[in-house]
Amino acid sequence: MADLEPQESAESPRCANPDCQVAVDGRCIEGFPDTAECPQFGRIAIMPVAPAPGAHPAPSNGVAMQASTTLSVDEADDVVKERPSRVIAIAGPQSAGKTSLIAGLYDLFQLGQVGNVSFAQSFSLHAFEQAAHDSRAASRRTTPNTARTERGEVRFYHLELVDTDSGAVPSVLLGDRAGEEYLETRSNPLSAQEFPELRRADVLTLLVDGERLLDAGQRHNLRSEIRQTLHAFVEAGVVRTTQRLALVLTKLDVIRKAADGGERTFQGFDTLLAGLRADYGANFAAVESFQIAAQPSTDGAKRGENLDRLLAYWMAEPMRYRPASMVFDVPEAERYFDRLMALPKGAQ
């Protein structure tokens, strides 16, 4: 029977990595500027063959390794059950800089410790590399770029990090969902209940696109989007008072290049922050703001500026529910001894 898949010609570039698309776009997925340097280039990919139904798998002495990709909800849930974790939901309009934030943080760890946090391991190294590739010189792009997140079920980037001050070694799970899906909750707040990363998040991170806030024609709509999105989350009941909120102004380098040095933009951001604290501060354990340049496209900021502060906020020990004290509507006795209560039976 003739094959259904088109056959690759002998002259087409090929790679042993089945995820590499060098034959299509000419780019090495491992990041080598010259494909001849890649140890996988030119080799034939060996694809595993699925066993027939009912067949017994062949014995193997090897070790099955996990694909180093983003984690599904179930996989992230397994991590949370097995080890101390920090779940971070990152929400914001399309192009606000979510992928740049994730890739920028990963790139900082290539250089060493970030603030007081060191890298330990990751189940998502391949996914991080894919997110960061287009912002590197190896991508041969004239300007840095990051791919936008496609619609679909949330995926999680995994990092296991070491707090060198406290000695804590938590897993950090960064939720990755298309920004437009969060925005759609404004017209249908109940749809936010279908986003498990929001309800489970230790820190809800809202991104404010600095480039749009800089634009006089867009800043009002942007502030309205942020407020309405957060209102939808609160109305849907997917935030809780043990969560912390991070309001993050992105693209700091672009803002500083403005004629007024970004003064009006920074004032607008402060106004937005004050309004969110006044209206929704009671819904969170803390509300803090950050101004970052994860992967700057200009010389207006250094690469990864202020990501150490945001990471420290993410790494803080999560708040847990505490049982409320019992309160009885009983008038206070006048005599001090009458106010004493008997110890429970068996108490010392």
# chains A, B, ... in the order shown; residues from 1 in each chain; ligands from 1
$ closest_atom_pairs --of "segment 90-115 of chain A" --to "segment 235-259 of chain A" --cutoff "10 Å" --atoms "only C-alpha atoms" --output "Markdown table"
| residue | atom | partner | partner_atom | distance |
| --- | --- | --- | --- | --- |
| A:Ile90 | CA | A:Ala246 | CA | 9.3 |
| A:Ala91 | CA | A:Leu247 | CA | 9.9 |
| A:Gly92 | CA | A:Val248 | CA | 9.6 |
| A:Ala96 | CA | A:Thr250 | CA | 7.0 |
| A:Gly97 | CA | A:Thr250 | CA | 6.5 |
| A:Lys98 | CA | A:Thr250 | CA | 9.0 |
| A:Ser100 | CA | A:Thr250 | CA | 9.4 |
| A:Leu101 | CA | A:Thr250 | CA | 8.6 |
$ select_by_dssp --residues "segment 133-286 of chain A" --states "strand (DSSP E)" --output "short mmCIF file (atom, residue, chain, number, x, y, z; two decimals) with N, CA and C atoms, in the first residue's frame"
data_model
loop_
_atom_site.label_atom_id
_atom_site.label_comp_id
_atom_site.auth_asym_id
_atom_site.auth_seq_id
_atom_site.Cartn_x
_atom_site.Cartn_y
_atom_site.Cartn_z
N ARG A 155 -1.07 25.12 30.03
CA ARG A 155 0.12 24.32 30.22
C ARG A 155 1.01 25.03 31.24
N PHE A 156 1.88 24.28 31.88
CA PHE A 156 2.71 24.86 32.93
C PHE A 156 4.21 24.66 32.64
N TYR A 157 4.95 25.76 32.72
CA TYR A 157 6.41 25.67 32.71
C TYR A 157 6.85 25.35 34.14
N HIS A 158 7.77 24.41 34.27
CA HIS A 158 8.22 23.97 35.59
C HIS A 158 9.65 24.39 35.87
N LEU A 159 9.88 24.93 37.06
CA LEU A 159 11.22 25.24 37.56
C LEU A 159 11.31 24.75 38.99
N GLU A 160 12.39 24.08 39.33
CA GLU A 160 12.66 23.79 40.73
C GLU A 160 13.82 24.69 41.15
N LEU A 161 13.57 25.52 42.15
CA LEU A 161 14.50 26.59 42.51
C LEU A 161 14.92 26.49 43.97
N VAL A 162 16.06 27.09 44.26
CA VAL A 162 16.60 27.08 45.61
C VAL A 162 16.68 28.51 46.14
N ASP A 163 16.00 28.78 47.25
CA ASP A 163 16.12 30.06 47.93
C ASP A 163 17.35 29.97 48.83
N SER A 171 9.03 23.88 43.86
CA SER A 171 8.77 23.85 42.42
C SER A 171 7.90 25.05 42.09
N VAL A 172 8.28 25.77 41.04
CA VAL A 172 7.51 26.92 40.58
C VAL A 172 6.85 26.54 39.27
N LEU A 173 5.53 26.64 39.21
CA LEU A 173 4.75 26.29 38.03
C LEU A 173 4.14 27.55 37.44
N LEU A 174 4.57 27.90 36.22
CA LEU A 174 4.12 29.12 35.56
C LEU A 174 3.04 28.78 34.55
N GLY A 175 1.81 29.19 34.82
CA GLY A 175 0.69 28.88 33.93
C GLY A 175 0.81 29.62 32.61
N ASP A 176 0.55 28.92 31.52
CA ASP A 176 0.65 29.50 30.17
C ASP A 176 -0.66 29.27 29.42
N VAL A 203 0.01 33.07 43.47
CA VAL A 203 0.17 34.47 43.05
C VAL A 203 -0.51 34.65 41.70
N LEU A 204 -1.47 35.56 41.64
CA LEU A 204 -2.09 35.95 40.38
C LEU A 204 -1.28 37.13 39.83
N THR A 205 -0.71 36.97 38.65
CA THR A 205 0.14 37.99 38.06
C THR A 205 -0.57 38.61 36.87
N LEU A 206 -0.91 39.89 36.97
CA LEU A 206 -1.58 40.60 35.89
C LEU A 206 -0.57 41.47 35.16
N LEU A 207 -0.43 41.25 33.84
CA LEU A 207 0.52 42.02 33.05
C LEU A 207 -0.16 43.23 32.42
N VAL A 208 0.53 44.37 32.51
CA VAL A 208 0.07 45.62 31.90
C VAL A 208 1.04 45.96 30.79
N ARG A 244 -1.94 36.21 46.56
CA ARG A 244 -1.33 37.52 46.41
C ARG A 244 -1.45 37.95 44.96
N LEU A 245 -1.57 39.25 44.75
CA LEU A 245 -1.71 39.81 43.40
C LEU A 245 -0.46 40.59 43.05
N ALA A 246 0.08 40.35 41.85
CA ALA A 246 1.21 41.11 41.33
C ALA A 246 0.75 41.85 40.07
N LEU A 247 0.82 43.17 40.09
CA LEU A 247 0.50 43.98 38.91
C LEU A 247 1.83 44.35 38.27
N VAL A 248 2.05 43.89 37.04
CA VAL A 248 3.38 43.99 36.42
C VAL A 248 3.33 44.83 35.16
N LEU A 249 4.05 45.95 35.18
CA LEU A 249 4.20 46.81 34.00
C LEU A 249 5.35 46.27 33.16
N ALA A 286 -2.19 40.33 49.59
CA ALA A 286 -1.28 41.44 49.31
C ALA A 286 -1.43 41.82 47.85
#
$ closest_residue --among "A:Ala103, A:Leu272, A:Val79, A:Val234" --to "Glu129 of chain A" --atoms "only C-alpha atoms"
A:Ala103
$ closest_residue --among "A:Ile102, A:Val22, A:Val169, A:Ala301" --to "Ala89 of chain A" --atoms "only C-alpha atoms"
A:Ile102
$ atom_distance --atom1 "atom CA of Gly167 of chain A" --atom2 "atom CA of Glu82 of chain A"
18.0 Å
$ closest_residue --among "A:Cys20, A:Phe269, A:Tyr106, A:Val87" --to "Asp308 of chain A" --atoms "only C-alpha atoms"
A:Tyr106
$ select_by_dssp --residues "segment 159-253 of chain A" --states "alpha helix (DSSP H)" --output "PyMOL selection string"
chain A and resi 179-183+196-200+210-214+219-236+252-253
$ closest_residue --among "A:Asn306, A:Ser224, A:Ser166, A:Asn283" --to "Leu105 of chain A" --atoms "only C-alpha atoms"
A:Asn306
$ closest_residue --among "A:Ser122, A:Ser68, A:Val114, A:Ala216" --to "Arg264 of chain A" --atoms "only C-alpha atoms"
A:Ala216
$ closest_residue --among "A:Leu213, A:Ala178, A:Val73, A:Ala192" --to "Ala232 of chain A" --atoms "only C-alpha atoms"
A:Ala192
$ atom_distance --atom1 "atom CA of Ala168 of chain A" --atom2 "atom CA of Met315 of chain A"
9.0 Å
$ atom_distance --atom1 "atom CA of Gly179 of chain A" --atom2 "atom CA of Pro93 of chain A"
4.8 Å
